[in-house]
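Trainee: Structure below; questions to follow.
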Amino acid sequence: MESDWTREQPNRGRTYSCKELGPWALFNIKEDVTGHTQVKSSVQRAIRAKILEQYKEGIEGIIDDVMPKKAPLILMKCHEHINLIVMNNEVLFFNHFDGPYFPTLKLLHKYPNMLPRLQVDRGAIKFVMAGANIMCPGLTSKGARMDVSVPADAVVAITAEGKNEILAVGTTKMSTDDIKRINKNIGVETAHYLNDYLWKTVVDI
Amino acid sequence: MDSPDAPSSEHVKPREVPYCGFCSLPPEYCEFGPTLDKCKQWLSKNDKVLYAILYNTLDDQLAAASLNETPEDDKKKAKEAAKIEKQMQKKMQSKVLIKRIERTKRKCVTSVFGLENFDVDLKKAAKLFANKFACGSSVTKNNQGNDEIVVQGDVSDEIFDLILEHWPIVPEDNIDLIEDKKKGK
Ligand SMILES: [Zn+2]
């Protein structure tokens, strides 16, 4: 799967342990953006189609609001093959190589129904906000909730016990059934979390 | 899956999430950021209601007020407390009804009745439901002339959970789920 960030490890200029930290852990928008371009309308259509395909009913009703057809789409390319999809100076989605698109947290806060949501317990919040992946017990303990059934390699939103807003977005490393059954190791690989570099990114083109 | 109750013409409006003016996080997460003191200062100036909710300062304010008060104030306070107590008791007895109403064989709506007894802003609640379930939701007067929230689709269980989560003041036992079928099937 392309969503597996660990695959892209060898011979990059930088080293970071993707086992514990997401690709954003050392990402710095100021240094790492290598360029931005307004894409051709054909590319814009393709990106839009891919996002629609990926999120289907989660985004169908809102796609025209999220990505107005007329508005120019800016593709910001960053090191480590990270791409940001920017419209109206807002980062809407990001992906790695040509992997799946993740919505940014700011977009998710506006449209929380885009993704299935899993809830971590309160104890997990500070680890997630430090960039840690989410271990299964953080999703199965008393304060956690998994009300939806999701397969492995799915993009999910992470909420937290006692909080209203979404805390992080990531990819399931195993199905929710397996998270419950196995209950150890990484359940969700964190891609983007509150207070990471992407969160703090202010785009002004 | 195509839900017959969520017509695509129904417009999902983006939620507006306030962010902390100091650290940029949603204020409920400031406690996990590095600048909690400054965040609190900012919030206490800019959103007193949220501040009171997040940091439970109602108790603090009462404590501060009790430091400089006279016997008359005391009496007044006792009266007020009794009044609040009564209101609370009344509240604790009022019910919230979540009703599943079949419109046609496949379509149904969920009506929520009685939330106003718990000082819930019905318009805001309707908006919240619309956002959470990506469906139509509105406040209407029922035939008794009372306000109720009508949500498109069968979301009774979800609303039950959402009410518990969002308005902890509503006791679980006070929420009743009812099904209103047109004909027995
Ligand atoms: Zn803050």
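Quick note on naming: the chains in the structure tokens go A, B, ... in the order shown, residues restart at 1 in each chain, and ligands are numbered from 1 in order of appearance.
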Counting only C-alpha atoms, what is within 9 Å of stretch 164-167 of chain B, bar same-chain residues fewer than 6 positions away, as a ChimeraX atom specification?

Mentor: /A:162,164 /B:118,120

Trainee: Keeping only C-alpha atoms, write the selected residues to a file as a compact mmCIF listing (two decimals), in the first residue's frame.

Mentor:
# COMPACT_ATOMS: atom_id res chain seq x y z
CA GLY A 162 -14.44 14.24 26.49
CA ASN A 164 -15.92 17.47 20.61
CA PHE B 118 -32.76 21.39 29.82
CA VAL B 120 -30.82 23.53 25.18

Trainee: For chain B, which residues have at least one atom within 12 Å of chain A, if we go by only C-alpha atoms? Write them as a ChimeraX atom specification, please.

Mentor: /B:1-3,6-20,23-34,54,128-135,157-158,161-162,164-168

Trainee: Could you check which of B:Trp42, B:Asp180, B:Ala52, B:Glu80 is closest to B:Thr104, using only C-alpha atoms?

Mentor: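 Closest residue, counting only C-alpha atoms: B:Asp180.
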
Trainee: Taking only stretch 65-105 of chain A into account, list the residues labelled strand (DSSP E or B) by DSSP (computed from the backbone), as an MDAnalysis selection string.

Mentor: chainID A and resid 74:78 82:87 90:96 102:103

Trainee: If you measure from atom CA of B:Leu43 to atom CA of A:Gln119, what distance in Å do you get, rounded to one decimal?

Mentor: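 Here the two named atoms are 25.9 Å from each other.
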
Trainee: Using DSSP secondary structure from the backbone, list all alpha helix (DSSP H) positions within stretch 3-193 of chain A, as a CSV table (one decimal) with C-alpha atoms, in the first residue's frame.

Mentor:
chain,number,residue,atom,x,y,z
A,29,ILE,CA,6.5,23.9,5.8
A,30,LYS,CA,8.9,26.9,5.5
A,31,GLU,CA,11.9,24.8,4.6
A,32,ASP,CA,10.3,21.9,3.0
A,41,SER,CA,-7.8,22.0,-15.2
A,42,SER,CA,-7.4,18.5,-16.4
A,43,VAL,CA,-5.1,17.7,-13.4
A,44,GLN,CA,-7.6,19.5,-11.1
A,45,ARG,CA,-10.4,17.3,-12.5
A,46,ALA,CA,-8.3,14.2,-11.9
A,47,ILE,CA,-7.5,15.2,-8.3
A,48,ARG,CA,-11.1,15.9,-7.7
A,49,ALA,CA,-12.2,12.6,-9.2
A,50,LYS,CA,-9.7,10.7,-7.0
A,51,ILE,CA,-10.9,12.4,-3.9
A,52,LEU,CA,-14.6,11.7,-4.8
A,53,GLU,CA,-13.7,8.1,-5.5
A,54,GLN,CA,-11.9,7.8,-2.2
A,55,TYR,CA,-14.5,9.3,0.1
A,63,ILE,CA,-17.5,18.5,-2.8
A,64,ASP,CA,-18.7,21.6,-4.6
A,65,ASP,CA,-18.3,23.6,-1.4
A,66,VAL,CA,-15.0,22.1,-0.5
A,105,LEU,CA,-8.0,18.8,10.4
A,106,LYS,CA,-9.3,22.2,9.6
A,107,LEU,CA,-11.3,20.8,6.8
A,108,LEU,CA,-12.5,17.9,9.0
A,109,HIS,CA,-13.6,20.3,11.7
A,110,LYS,CA,-15.9,21.9,9.1
A,125,ILE,CA,-4.4,12.6,23.7
A,126,LYS,CA,-1.0,13.9,24.7
A,127,PHE,CA,0.8,11.1,22.9
A,128,VAL,CA,-1.1,11.7,19.7
A,137,PRO,CA,-5.3,-0.3,23.8
A,138,GLY,CA,-5.9,3.5,23.3
A,139,LEU,CA,-8.8,2.5,21.1
A,140,THR,CA,-10.3,-0.2,23.2
A,176,THR,CA,-11.4,-2.4,13.8
A,177,ASP,CA,-12.3,-6.0,14.5
A,178,ASP,CA,-8.6,-6.9,14.7
A,179,ILE,CA,-7.9,-3.9,16.9
A,180,LYS,CA,-10.4,-5.2,19.4
A,181,ARG,CA,-9.3,-8.8,19.0
A,182,ILE,CA,-5.5,-8.4,19.0

Trainee: Between atom CA of A:Asp121 and atom CA of A:Ala168, what distance in Å does the model show, to one decimal?

Mentor: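 Taking atom CA of A:Asp121 and atom CA of A:Ala168, their separation equals 13.1 Å.
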
Trainee: Measure the distance from atom CA of B:Leu97 to atom CA of B:Pro171 in Å and round it to one decimal.

Mentor: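 A separation of 12.4 Å between them.
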
Trainee: Go through B:Asn174, B:Asn56, B:Thr35, B:Asn143 and flag the residue nearest ligand 1, using only C-alpha atoms and all ligand atoms for the distances.

Mentor: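 For ligand 1, the nearest of the given residues is B:Thr35.
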
Trainee: Taking into account only C-alpha atoms, which residue in the set B:Ala81, B:Ala125, B:Val170, B:Ile98 is nearest to B:Phe113?

Mentor: B:Ile98

Trainee: Would you pick out the contacts of stretch 136-140 of chain B at 8 Å or less, using only C-alpha atoms, so that residues sharing its chain but fewer than 5 positions from it are not included, and give the list as a ChimeraX atom specification?

Mentor: /B:6,10,122-123,126-127,129-130,147-152
